[in-house]
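The block underneath contains the structure these notes are about, expressed in C-alpha coordinates.
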Amino acid sequence: MEQNLAYWMALAHAPRLKNKNKNEIIVKLFEEGKTLVDFFHLEPKEWMMNYNLSEKEANILKDAGQSLSNYSFLVEDLINQGYKIIPITSKEYSPTLKKNLGRSYAPPLLYTKGNLQILKEKSIAIVGSRKANNNALKFTDTIAKKASKNFEVVVSGFAKGVDKQALDSALKYKGQSIIVLPQGITTFSSGFKKYFKQIVDGNVLVLSTFFPKAPWSIQLAMGRNPIIYGLASEIYVAESSEKGGTWSGVMDGLKKGRTIFVRQPQPQEKNANKLLIEKGGEAVNQEGNAINFAREEVEQNKVDEIEDSSTEEKIINLLKKGEYNSKEIISRMGIDWTTRKMTSHLKKQENIITITGKPLKFTHKSNLNTPGGQTKMFS
(Lines give C-alpha, C1' and ligand atoms only; values in the text may rest on other atoms or scores of the structure.)
Protein backbone atom coordinates (compact mmCIF):
# COMPACT_ATOMS: atom_id res chain seq x y z
CA MET A 1 0.00 0.00 0.00
CA GLU A 2 2.78 2.45 0.89
CA GLN A 3 4.44 1.72 -2.45
CA ASN A 4 1.16 2.55 -4.23
CA LEU A 5 1.00 5.87 -2.39
CA ALA A 6 4.39 6.82 -3.81
CA TYR A 7 2.88 6.51 -7.30
CA TRP A 8 -0.09 8.60 -6.20
CA MET A 9 2.27 11.32 -5.02
CA ALA A 10 4.16 11.21 -8.30
CA LEU A 11 0.92 11.83 -10.21
CA ALA A 12 -0.58 14.33 -7.74
CA HIS A 13 2.51 16.55 -7.71
CA ALA A 14 3.39 16.35 -11.38
CA PRO A 15 3.88 20.04 -12.23
CA ARG A 16 1.93 21.96 -14.90
CA LEU A 17 -0.62 19.17 -15.19
CA LYS A 18 -4.22 20.08 -14.34
CA ASN A 19 -6.27 18.09 -11.84
CA LYS A 20 -8.71 17.34 -14.64
CA ASN A 21 -5.97 15.53 -16.62
CA LYS A 22 -4.83 13.63 -13.54
CA ASN A 23 -8.36 12.57 -12.62
CA GLU A 24 -9.10 11.49 -16.20
CA ILE A 25 -6.13 9.12 -15.96
CA ILE A 26 -7.39 7.77 -12.64
CA VAL A 27 -10.91 7.21 -13.99
CA LYS A 28 -9.66 5.41 -17.09
CA LEU A 29 -7.38 3.19 -15.01
CA PHE A 30 -10.32 2.30 -12.77
CA GLU A 31 -12.44 1.42 -15.80
CA GLU A 32 -9.62 -0.78 -17.12
CA GLY A 33 -9.10 -2.47 -13.76
CA LYS A 34 -5.54 -1.15 -13.57
CA THR A 35 -3.54 0.77 -10.94
CA LEU A 36 -1.15 3.71 -11.01
CA VAL A 37 1.67 1.20 -10.62
CA ASP A 38 0.60 -0.31 -13.94
CA PHE A 39 0.37 3.16 -15.47
CA PHE A 40 3.89 4.26 -14.51
CA HIS A 41 5.32 1.07 -15.99
CA LEU A 42 4.00 1.99 -19.42
CA GLU A 43 5.99 3.86 -22.05
CA PRO A 44 5.23 7.55 -22.74
CA LYS A 45 4.02 6.59 -26.23
CA GLU A 46 1.38 4.36 -24.65
CA TRP A 47 0.30 7.22 -22.38
CA MET A 48 -0.16 9.43 -25.42
CA MET A 49 -2.03 6.76 -27.33
CA ASN A 50 -4.30 5.39 -24.60
CA TYR A 51 -4.73 8.27 -22.14
CA ASN A 52 -5.14 11.26 -24.44
CA LEU A 53 -1.91 12.94 -23.29
CA SER A 54 0.20 15.31 -25.33
CA GLU A 55 3.92 14.71 -25.76
CA LYS A 56 4.62 17.53 -23.31
CA GLU A 57 2.29 16.01 -20.69
CA ALA A 58 3.82 12.57 -21.19
CA ASN A 59 7.31 13.99 -20.60
CA ILE A 60 6.09 15.69 -17.41
CA LEU A 61 4.85 12.35 -16.09
CA LYS A 62 8.03 10.62 -17.16
CA ASP A 63 10.04 13.11 -15.09
CA ALA A 64 7.63 12.62 -12.16
CA GLY A 65 8.19 8.86 -12.33
CA GLN A 66 11.91 9.34 -11.84
CA SER A 67 11.23 10.64 -8.30
CA LEU A 68 9.37 7.51 -7.16
CA SER A 69 12.16 6.37 -4.83
CA ASN A 70 12.14 9.75 -3.07
CA TYR A 71 8.37 9.61 -2.76
CA SER A 72 8.62 6.13 -1.23
CA PHE A 73 10.88 7.39 1.57
CA LEU A 74 8.59 10.38 2.11
CA VAL A 75 5.47 8.20 2.32
CA GLU A 76 7.10 6.01 4.95
CA ASP A 77 8.18 9.05 6.94
CA LEU A 78 4.71 10.64 6.81
CA ILE A 79 2.96 7.48 7.94
CA ASN A 80 5.42 7.00 10.80
CA GLN A 81 4.60 10.55 11.97
CA GLY A 82 0.87 9.81 12.05
CA TYR A 83 -0.22 11.50 8.84
CA LYS A 84 -2.81 9.94 6.55
CA ILE A 85 -2.47 10.04 2.76
CA ILE A 86 -5.88 9.71 1.09
CA PRO A 87 -6.25 9.09 -2.68
CA ILE A 88 -9.42 10.27 -4.41
CA THR A 89 -10.46 6.61 -4.89
CA SER A 90 -10.39 5.94 -1.14
CA LYS A 91 -13.58 5.58 0.90
CA GLU A 92 -11.99 8.00 3.39
CA TYR A 93 -11.87 10.81 0.78
CA SER A 94 -14.36 13.62 1.42
CA PRO A 95 -17.57 12.95 -0.55
CA THR A 96 -18.48 16.64 -0.21
CA LEU A 97 -15.20 17.74 -1.80
CA LYS A 98 -15.57 15.24 -4.63
CA LYS A 99 -19.16 16.30 -5.30
CA ASN A 100 -18.53 20.05 -5.20
CA LEU A 101 -15.31 20.15 -7.23
CA GLY A 102 -15.99 17.24 -9.55
CA ARG A 103 -13.58 15.54 -11.87
CA SER A 104 -12.21 18.83 -13.18
CA TYR A 105 -11.05 20.34 -9.89
CA ALA A 106 -10.98 17.75 -7.08
CA PRO A 107 -7.39 17.18 -5.82
CA PRO A 108 -6.21 13.59 -6.45
CA LEU A 109 -4.59 13.36 -3.00
CA LEU A 110 -5.27 14.64 0.52
CA TYR A 111 -2.83 14.80 3.43
CA THR A 112 -4.48 14.80 6.85
CA LYS A 113 -3.96 14.44 10.56
CA GLY A 114 -6.87 14.01 12.94
CA ASN A 115 -10.36 12.53 12.97
CA LEU A 116 -11.20 11.43 9.41
CA GLN A 117 -14.87 10.96 10.30
CA ILE A 118 -15.13 14.75 10.21
CA LEU A 119 -14.84 14.53 6.41
CA LYS A 120 -18.16 12.66 6.28
CA GLU A 121 -20.17 15.18 8.33
CA LYS A 122 -22.24 18.09 7.03
CA SER A 123 -20.05 21.17 6.96
CA ILE A 124 -20.07 24.93 6.46
CA ALA A 125 -17.35 27.41 5.58
CA ILE A 126 -17.22 30.93 6.97
CA VAL A 127 -14.89 33.10 4.92
CA GLY A 128 -13.79 36.70 4.98
CA SER A 129 -11.13 39.35 5.29
CA ARG A 130 -8.04 39.19 7.47
CA LYS A 131 -8.93 42.72 8.65
CA ALA A 132 -12.61 42.10 9.23
CA ASN A 133 -14.65 44.58 11.28
CA ASN A 134 -16.54 43.76 14.48
CA ASN A 135 -19.83 43.16 12.62
CA ALA A 136 -18.14 40.51 10.49
CA LEU A 137 -16.47 38.82 13.47
CA LYS A 138 -19.73 38.78 15.45
CA PHE A 139 -21.48 37.30 12.43
CA THR A 140 -18.77 34.64 12.18
CA ASP A 141 -19.19 33.76 15.85
CA THR A 142 -22.97 33.50 15.46
CA ILE A 143 -22.77 31.23 12.40
CA ALA A 144 -20.13 29.02 14.04
CA LYS A 145 -22.28 28.73 17.16
CA LYS A 146 -25.34 27.69 15.15
CA ALA A 147 -23.28 25.20 13.15
CA SER A 148 -21.78 23.64 16.28
CA LYS A 149 -25.21 23.27 17.90
CA ASN A 150 -26.44 21.57 14.71
CA PHE A 151 -23.42 19.20 14.70
CA GLU A 152 -22.06 20.78 11.51
CA VAL A 153 -18.32 21.00 10.94
CA VAL A 154 -16.82 24.48 10.46
CA VAL A 155 -14.22 24.66 7.67
CA SER A 156 -11.45 27.21 8.25
CA GLY A 157 -8.51 28.45 6.21
CA PHE A 158 -6.50 29.35 9.33
CA ALA A 159 -5.81 32.92 8.25
CA LYS A 160 -6.15 35.93 10.55
CA GLY A 161 -9.52 37.60 10.93
CA VAL A 162 -12.63 35.65 9.91
CA ASP A 163 -10.88 32.29 9.39
CA LYS A 164 -9.32 32.27 12.85
CA GLN A 165 -12.56 33.51 14.43
CA ALA A 166 -14.48 30.68 12.74
CA LEU A 167 -12.09 28.07 14.13
CA ASP A 168 -11.94 29.54 17.64
CA SER A 169 -15.72 29.94 17.83
CA ALA A 170 -16.37 26.39 16.64
CA LEU A 171 -14.12 25.03 19.37
CA LYS A 172 -15.53 27.44 21.98
CA TYR A 173 -19.00 26.06 21.33
CA LYS A 174 -17.78 22.43 21.51
CA GLY A 175 -17.99 21.92 17.76
CA GLN A 176 -15.64 20.42 15.18
CA SER A 177 -13.47 22.06 12.55
CA ILE A 178 -11.34 21.32 9.50
CA ILE A 179 -8.20 23.44 9.14
CA VAL A 180 -7.31 23.73 5.44
CA LEU A 181 -3.64 24.67 5.13
CA PRO A 182 -2.04 27.07 2.62
CA GLN A 183 1.18 25.00 2.90
CA GLY A 184 2.48 21.48 3.18
CA ILE A 185 1.17 19.55 6.17
CA THR A 186 4.60 18.88 7.73
CA THR A 187 5.29 22.64 8.01
CA PHE A 188 2.39 23.18 10.41
CA SER A 189 4.37 22.15 13.51
CA SER A 190 3.36 25.16 15.65
CA GLY A 191 -0.30 24.58 14.80
CA PHE A 192 -0.09 20.91 15.73
CA LYS A 193 1.31 21.90 19.12
CA LYS A 194 -1.39 24.52 19.68
CA TYR A 195 -4.30 22.25 18.73
CA PHE A 196 -2.82 18.96 19.94
CA LYS A 197 -5.62 18.29 22.45
CA GLN A 198 -8.40 19.14 19.98
CA ILE A 199 -6.83 16.86 17.37
CA VAL A 200 -6.43 13.99 19.85
CA ASP A 201 -10.01 14.51 21.09
CA GLY A 202 -11.28 14.20 17.52
CA ASN A 203 -12.56 17.76 17.16
CA VAL A 204 -10.01 19.08 14.64
CA LEU A 205 -8.82 17.65 11.34
CA VAL A 206 -5.84 19.29 9.63
CA LEU A 207 -5.82 18.94 5.84
CA SER A 208 -3.52 19.93 2.98
CA THR A 209 -3.49 19.19 -0.75
CA PHE A 210 0.05 20.50 -1.34
CA PHE A 211 3.43 18.81 -1.35
CA PRO A 212 4.01 17.89 2.33
CA LYS A 213 7.15 20.01 2.75
CA ALA A 214 5.91 23.07 0.80
CA PRO A 215 6.24 26.33 2.80
CA TRP A 216 3.49 28.93 2.95
CA SER A 217 3.15 31.12 -0.13
CA ILE A 218 0.57 33.50 -1.55
CA GLN A 219 0.07 31.13 -4.49
CA LEU A 220 -0.74 28.24 -2.16
CA ALA A 221 -3.02 30.47 -0.09
CA MET A 222 -5.00 31.29 -3.23
CA GLY A 223 -4.96 27.64 -4.29
CA ARG A 224 -6.33 26.60 -0.90
CA ASN A 225 -9.51 28.68 -1.22
CA PRO A 226 -11.34 26.38 -3.67
CA ILE A 227 -10.63 23.50 -1.28
CA ILE A 228 -12.25 25.39 1.62
CA TYR A 229 -15.34 26.04 -0.50
CA GLY A 230 -15.30 22.50 -1.85
CA LEU A 231 -15.25 20.93 1.61
CA ALA A 232 -18.33 22.90 2.67
CA SER A 233 -21.98 22.05 2.15
CA GLU A 234 -22.82 25.72 2.78
CA ILE A 235 -20.69 28.87 2.41
CA TYR A 236 -21.10 32.10 4.40
CA VAL A 237 -19.24 35.31 3.61
CA ALA A 238 -18.68 37.55 6.62
CA GLU A 239 -16.78 40.30 4.80
CA SER A 240 -15.00 40.71 1.48
CA SER A 241 -13.03 43.38 -0.33
CA GLU A 242 -13.10 43.77 -4.12
CA LYS A 243 -9.90 41.76 -4.49
CA GLY A 244 -8.00 39.04 -2.68
CA GLY A 245 -8.73 35.48 -1.64
CA THR A 246 -12.29 35.87 -0.40
CA TRP A 247 -13.41 37.78 -3.49
CA SER A 248 -11.78 35.36 -5.94
CA GLY A 249 -13.07 32.35 -3.99
CA VAL A 250 -16.65 33.63 -3.98
CA MET A 251 -16.56 34.53 -7.67
CA ASP A 252 -15.17 31.09 -8.49
CA GLY A 253 -17.86 29.47 -6.35
CA LEU A 254 -20.66 31.45 -8.01
CA LYS A 255 -19.25 30.53 -11.44
CA LYS A 256 -19.45 26.85 -10.43
CA GLY A 257 -23.10 27.28 -9.45
CA ARG A 258 -22.64 27.22 -5.68
CA THR A 259 -25.13 28.98 -3.41
CA ILE A 260 -23.15 31.44 -1.31
CA PHE A 261 -24.67 33.35 1.60
CA VAL A 262 -23.34 36.89 1.99
CA ARG A 263 -23.85 39.04 5.08
CA GLN A 264 -25.84 42.16 4.24
CA PRO A 265 -23.52 45.04 5.30
CA GLN A 266 -24.58 47.99 7.44
CA PRO A 267 -24.91 51.34 5.55
CA GLN A 268 -21.67 52.72 7.04
CA GLU A 269 -19.54 49.67 6.19
CA LYS A 270 -16.95 49.87 3.43
CA ASN A 271 -16.64 46.45 1.85
CA ALA A 272 -17.69 44.50 -1.23
CA ASN A 273 -20.48 42.44 0.37
CA LYS A 274 -23.24 44.38 -1.38
CA LEU A 275 -21.47 43.95 -4.71
CA LEU A 276 -21.20 40.18 -4.17
CA ILE A 277 -24.93 40.07 -3.47
CA GLU A 278 -25.54 41.93 -6.73
CA LYS A 279 -23.39 39.36 -8.53
CA GLY A 280 -25.47 36.44 -7.27
CA GLY A 281 -24.74 35.92 -3.57
CA GLU A 282 -27.73 35.23 -1.29
CA ALA A 283 -28.15 38.05 1.24
CA VAL A 284 -28.44 37.07 4.90
CA ASN A 285 -28.81 39.17 8.02
CA GLN A 286 -26.52 39.32 11.04
CA GLU A 287 -28.04 36.07 12.33
CA GLY A 288 -27.39 34.26 9.05
CA ASN A 289 -31.06 34.17 8.03
CA ALA A 290 -32.11 34.87 4.44
CA ILE A 291 -33.32 38.40 3.79
CA ASN A 292 -36.61 39.06 2.03
CA PHE A 293 -35.93 42.57 0.78
CA ALA A 294 -39.53 43.30 -0.23
CA ARG A 295 -40.89 42.32 3.18
CA GLU A 296 -38.16 44.13 5.08
CA GLU A 297 -38.68 47.29 3.06
CA VAL A 298 -42.40 47.32 3.89
CA GLU A 299 -41.70 46.68 7.56
CA GLN A 300 -39.03 49.38 7.64
CA ASN A 301 -41.41 51.85 6.01
CA LYS A 302 -43.97 51.13 8.72
CA VAL A 303 -41.35 51.75 11.40
CA ASP A 304 -40.29 54.97 9.68
CA GLU A 305 -43.90 56.16 9.54
CA ILE A 306 -44.37 55.56 13.26
CA GLU A 307 -41.08 57.23 14.09
CA ASP A 308 -41.77 60.16 11.76
CA SER A 309 -45.23 60.71 13.25
CA SER A 310 -43.87 60.91 16.79
CA THR A 311 -40.75 62.83 15.78
CA GLU A 312 -42.69 65.33 13.65
CA GLU A 313 -44.82 66.33 16.63
CA LYS A 314 -41.74 66.92 18.76
CA ILE A 315 -40.07 69.00 16.03
CA ILE A 316 -43.13 71.23 15.64
CA ASN A 317 -43.42 71.80 19.39
CA LEU A 318 -39.74 72.75 19.57
CA LEU A 319 -39.88 75.14 16.59
CA LYS A 320 -42.95 76.90 17.98
CA LYS A 321 -40.62 78.08 20.74
CA GLY A 322 -37.99 79.73 18.50
CA GLU A 323 -35.42 79.41 15.74
CA TYR A 324 -32.97 76.48 15.53
CA ASN A 325 -30.58 74.97 13.02
CA SER A 326 -30.65 71.25 12.20
CA LYS A 327 -27.78 70.36 14.51
CA GLU A 328 -29.42 72.14 17.45
CA ILE A 329 -32.74 70.37 16.83
CA ILE A 330 -31.08 66.96 16.73
CA SER A 331 -29.14 67.71 19.92
CA ARG A 332 -32.14 69.04 21.85
CA MET A 333 -34.39 66.15 20.80
CA GLY A 334 -31.75 63.42 21.15
CA ILE A 335 -32.70 61.64 17.92
CA ASP A 336 -30.44 59.55 15.70
CA TRP A 337 -30.64 61.67 12.54
CA THR A 338 -27.96 63.28 10.43
CA THR A 339 -28.07 67.05 9.90
CA ARG A 340 -28.60 66.40 6.20
CA LYS A 341 -31.66 64.26 6.89
CA MET A 342 -33.08 66.84 9.30
CA THR A 343 -32.57 69.73 6.85
CA SER A 344 -34.17 67.80 4.02
CA HIS A 345 -37.11 66.84 6.21
CA LEU A 346 -37.75 70.39 7.44
CA LYS A 347 -37.65 71.91 3.95
CA LYS A 348 -40.50 69.61 2.91
CA GLN A 349 -42.82 70.63 5.75
CA GLU A 350 -45.58 73.13 4.90
CA ASN A 351 -45.69 74.83 8.30
CA ILE A 352 -41.92 75.13 8.78
CA ILE A 353 -40.16 78.29 7.63
CA THR A 354 -36.56 78.28 6.41
CA ILE A 355 -34.46 81.21 7.62
CA THR A 356 -31.57 81.95 5.28
CA GLY A 357 -28.05 82.21 6.56
CA LYS A 358 -25.14 79.97 7.55
CA PRO A 359 -26.20 77.67 8.97
CA LEU A 360 -29.83 77.57 7.87
CA LYS A 361 -32.30 77.94 10.70
CA PHE A 362 -35.91 76.87 10.98
CA THR A 363 -38.98 77.97 12.90
CA HIS A 364 -42.73 77.37 12.90
CA LYS A 365 -44.70 79.82 10.75
CA SER A 366 -46.88 80.82 13.72
CA ASN A 367 -43.87 82.69 15.12
CA LEU A 368 -43.33 84.83 12.03
CA ASN A 369 -46.68 86.40 11.13
CA THR A 370 -46.51 90.19 10.98
CA PRO A 371 -49.51 92.51 11.66
CA GLY A 372 -50.03 92.73 7.90
CA GLY A 373 -50.26 89.01 7.67
CA GLN A 374 -46.97 88.67 5.74
CA THR A 375 -44.05 86.56 6.87
CA LYS A 376 -40.64 88.08 7.39
CA MET A 377 -38.89 84.98 5.94
CA PHE A 378 -39.49 82.70 2.95
CA SER A 379 -39.68 78.97 2.51
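Every chain in the C-alpha coordinates has a letter given in the order shown (A, B, ...), and although residue numbers restart at 1 in each chain, ligands are simply numbered from 1 in the order shown.
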
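Look at A:Glu57: the protein and nucleic acid residues within 12 Å of it, using only C-alpha atoms and passing over chain neighbours fewer than 2 places away, are Leu11, Ala14, Pro15, Arg16, Leu17, Lys18, Asn21, Lys22, Ile25, Pro44, Lys45, Trp47, Met48, Tyr51, Asn52, Leu53, Ser54, Glu55, Asn59, Ile60, Leu61, Lys62, Asp63 and Ala64 of chain A.
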
For those residues, write N, CA and C atoms to a file as a tab-separated table (two decimals), in the first residue's frame.
chain	number	residue	atom	x	y	z
A	11	LEU	N	1.95	11.27	-9.33
A	11	LEU	CA	0.92	11.83	-10.21
A	11	LEU	C	0.38	13.15	-9.65
A	14	ALA	N	2.80	16.11	-10.06
A	14	ALA	CA	3.39	16.35	-11.38
A	14	ALA	C	3.09	17.80	-11.77
A	15	PRO	N	4.11	18.62	-11.99
A	15	PRO	CA	3.88	20.04	-12.23
A	15	PRO	C	3.24	20.32	-13.59
A	16	ARG	N	2.52	21.46	-13.64
A	16	ARG	CA	1.93	21.96	-14.90
A	16	ARG	C	0.94	20.98	-15.54
A	17	LEU	N	0.39	20.10	-14.71
A	17	LEU	CA	-0.62	19.17	-15.19
A	17	LEU	C	-1.89	19.41	-14.37
A	18	LYS	N	-2.98	19.73	-15.04
A	18	LYS	CA	-4.22	20.08	-14.34
A	18	LYS	C	-4.83	18.87	-13.64
A	21	ASN	N	-6.76	16.53	-15.88
A	21	ASN	CA	-5.97	15.53	-16.62
A	21	ASN	C	-5.61	14.36	-15.72
A	22	LYS	N	-5.21	14.68	-14.49
A	22	LYS	CA	-4.83	13.63	-13.54
A	22	LYS	C	-6.02	12.72	-13.21
A	25	ILE	N	-7.00	10.32	-15.97
A	25	ILE	CA	-6.13	9.12	-15.96
A	25	ILE	C	-6.63	8.13	-14.93
A	44	PRO	N	5.91	6.28	-22.41
A	44	PRO	CA	5.23	7.55	-22.74
A	44	PRO	C	4.38	7.48	-23.99
A	45	LYS	N	4.80	6.71	-25.01
A	45	LYS	CA	4.02	6.59	-26.23
A	45	LYS	C	2.67	5.95	-25.94
A	47	TRP	N	1.08	6.19	-23.08
A	47	TRP	CA	0.30	7.22	-22.38
A	47	TRP	C	-0.38	8.13	-23.40
A	48	MET	N	0.38	8.52	-24.41
A	48	MET	CA	-0.16	9.43	-25.42
A	48	MET	C	-1.27	8.75	-26.22
A	51	TYR	N	-4.21	7.40	-23.21
A	51	TYR	CA	-4.73	8.27	-22.14
A	51	TYR	C	-4.85	9.73	-22.56
A	52	ASN	N	-4.86	9.93	-23.87
A	52	ASN	CA	-5.14	11.26	-24.44
A	52	ASN	C	-4.20	12.33	-23.90
A	53	LEU	N	-2.91	11.99	-23.77
A	53	LEU	CA	-1.91	12.94	-23.29
A	53	LEU	C	-1.07	13.46	-24.45
A	54	SER	N	-0.70	14.74	-24.33
A	54	SER	CA	0.20	15.31	-25.33
A	54	SER	C	1.62	14.84	-25.04
A	55	GLU	N	2.52	15.09	-25.97
A	55	GLU	CA	3.92	14.71	-25.76
A	55	GLU	C	4.50	15.45	-24.56
A	59	ASN	N	5.95	13.73	-21.11
A	59	ASN	CA	7.31	13.99	-20.60
A	59	ASN	C	7.27	14.47	-19.14
A	60	ILE	N	6.25	15.23	-18.80
A	60	ILE	CA	6.09	15.69	-17.41
A	60	ILE	C	5.92	14.49	-16.49
A	61	LEU	N	5.09	13.54	-16.90
A	61	LEU	CA	4.85	12.35	-16.09
A	61	LEU	C	6.06	11.43	-16.06
A	62	LYS	N	6.80	11.42	-17.14
A	62	LYS	CA	8.03	10.62	-17.16
A	62	LYS	C	9.02	11.16	-16.13
A	63	ASP	N	9.15	12.49	-16.09
A	63	ASP	CA	10.04	13.11	-15.09
A	63	ASP	C	9.54	12.84	-13.67
A	64	ALA	N	8.21	12.88	-13.49
A	64	ALA	CA	7.63	12.62	-12.16
A	64	ALA	C	7.95	11.20	-11.71

Which of stretch 59-189 of chain A DSSP labels strand (DSSP E or B), written as a ChimeraX atom specification: /A:84-87,109-114,123-128,153-156,177-180

Name all residues at most 12 Å from A:Arg258 (count only C-alpha atoms; drop same-chain ones fewer than 2 positions away) and give them as a list in words. Lys99, Asn100, Leu101, Pro226, Tyr229, Gly230, Ala232, Ser233, Glu234, Ile235, Tyr236, Gly249, Val250, Met251, Asp252, Gly253, Leu254, Lys255, Lys256, Ile260, Phe261, Gly280, Gly281 and Glu282 of chain A

DSSP on the backbone: what in stretch 154-330 of chain A comes out helix (DSSP H, G or I), as a ChimeraX atom specification? /A:162-172,185-187,189-194,196-200,218-230,245-255,273-278,293-319,326-330

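Distance check against A:Glu287 using only C-alpha atoms: of A:Phe192, A:Tyr111, A:Trp8, A:Phe139, the minimum falls on A:Phe139.
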
Hey, which of A:Leu231, A:Ala10, A:Ile178, A:Ala125 ends up closest to A:Lys98? Count only C-alpha atoms. A:Leu231

Could you tell me how far atom CA of A:Gly157 lies from atom CA of A:Ile88, in Å and to one decimal? 21.1 Å

Computed gap from atom CA of A:Leu42 to atom CA of A:Asn4 is 15.5 Å

Min atom-atom distance to A:Ala159 from the set A:Ala106, A:Ile335, A:Leu116, A:Met222, counting only C-alpha atoms, belongs to A:Met222

Hey, what's within 6 Å of A:Asn285 if we count only C-alpha atoms and toss same-chain stuff fewer than 3 positions away? As number ranges by chain, please? A: 263-264, 288-289

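If you look at atom CA of A:Gln266 and atom CA of A:Glu239, they are 11.3 Å away from each other.
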
Compile the contact shell of A:Ser189 as number ranges by chain: residues with an atom at most 12 Å away, counting only C-alpha atoms, same-chain residues fewer than 3 positions apart removed. A: 81, 113, 181, 183-186, 192-196, 206, 212-213, 215

Quick one: residues within 12 Å of A:Gly244, only C-alpha atoms, excluding same-chain residues fewer than 4 positions away - as a PyMOL selection string? chain A and resi 127-131+218-219+221-223+225+239-240+248-251+272

Could the residues in this selection be written to a file with N, CA and C atoms, as an mmCIF file, in the first residue's frame?
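Writing done, so here's out.cif:
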data_model
loop_
_atom_site.group_PDB
_atom_site.id
_atom_site.type_symbol
_atom_site.label_atom_id
_atom_site.label_comp_id
_atom_site.auth_asym_id
_atom_site.auth_seq_id
_atom_site.Cartn_x
_atom_site.Cartn_y
_atom_site.Cartn_z
ATOM 1 N N VAL A 127 -16.076 32.498 5.524
ATOM 2 C CA VAL A 127 -14.890 33.100 4.924
ATOM 3 C C VAL A 127 -14.970 34.618 5.016
ATOM 4 N N GLY A 128 -13.793 35.247 4.913
ATOM 5 C CA GLY A 128 -13.785 36.698 4.984
ATOM 6 C C GLY A 128 -12.402 37.278 5.124
ATOM 7 N N SER A 129 -12.372 38.577 5.276
ATOM 8 C CA SER A 129 -11.134 39.346 5.288
ATOM 9 C C SER A 129 -10.277 39.079 6.520
ATOM 10 N N ARG A 130 -8.968 39.254 6.340
ATOM 11 C CA ARG A 130 -8.038 39.194 7.473
ATOM 12 C C ARG A 130 -8.246 40.382 8.414
ATOM 13 N N LYS A 131 -8.722 41.505 7.858
ATOM 14 C CA LYS A 131 -8.929 42.721 8.646
ATOM 15 C C LYS A 131 -10.414 43.003 8.797
ATOM 16 N N ILE A 218 1.812 32.864 -1.135
ATOM 17 C CA ILE A 218 0.566 33.496 -1.553
ATOM 18 C C ILE A 218 -0.139 32.652 -2.610
ATOM 19 N N GLN A 219 0.660 31.992 -3.459
ATOM 20 C CA GLN A 219 0.070 31.131 -4.485
ATOM 21 C C GLN A 219 -0.677 29.953 -3.862
ATOM 22 N N ALA A 221 -1.868 29.915 -0.812
ATOM 23 C CA ALA A 221 -3.018 30.471 -0.089
ATOM 24 C C ALA A 221 -4.200 30.655 -1.040
ATOM 25 N N MET A 222 -3.930 31.136 -2.248
ATOM 26 C CA MET A 222 -5.003 31.291 -3.233
ATOM 27 C C MET A 222 -5.500 29.922 -3.702
ATOM 28 N N GLY A 223 -4.578 28.975 -3.847
ATOM 29 C CA GLY A 223 -4.956 27.636 -4.286
ATOM 30 C C GLY A 223 -5.740 26.863 -3.238
ATOM 31 N N ASN A 225 -8.139 28.190 -1.348
ATOM 32 C CA ASN A 225 -9.513 28.684 -1.222
ATOM 33 C C ASN A 225 -10.566 27.785 -1.868
ATOM 34 N N GLU A 239 -17.220 39.013 5.342
ATOM 35 C CA GLU A 239 -16.780 40.297 4.798
ATOM 36 C C GLU A 239 -15.777 40.055 3.678
ATOM 37 N N SER A 240 -15.919 40.842 2.611
ATOM 38 C CA SER A 240 -15.000 40.714 1.478
ATOM 39 C C SER A 240 -14.641 42.085 0.934
ATOM 40 N N SER A 248 -12.017 36.310 -4.850
ATOM 41 C CA SER A 248 -11.781 35.357 -5.940
ATOM 42 C C SER A 248 -12.445 34.015 -5.644
ATOM 43 N N GLY A 249 -12.448 33.616 -4.363
ATOM 44 C CA GLY A 249 -13.072 32.352 -3.985
ATOM 45 C C GLY A 249 -14.580 32.384 -4.192
ATOM 46 N N VAL A 250 -15.206 33.494 -3.814
ATOM 47 C CA VAL A 250 -16.653 33.629 -3.982
ATOM 48 C C VAL A 250 -17.023 33.659 -5.463
ATOM 49 N N MET A 251 -16.268 34.448 -6.240
ATOM 50 C CA MET A 251 -16.558 34.531 -7.666
ATOM 51 C C MET A 251 -16.398 33.174 -8.350
ATOM 52 N N ALA A 272 -17.103 44.898 0.053
ATOM 53 C CA ALA A 272 -17.690 44.499 -1.229
ATOM 54 C C ALA A 272 -18.854 43.530 -1.066
#

From the options A:Gln117, A:Asn134, A:Val237, A:Lys314, which residue's atoms come nearest to A:Glu269, counting only C-alpha atoms? A:Asn134

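Distance annotation: of A:Ala12, A:Ala6, A:Ile355, A:Leu167, the residue with the minimal separation from A:Ser148 is A:Leu167; atom set is only C-alpha atoms.
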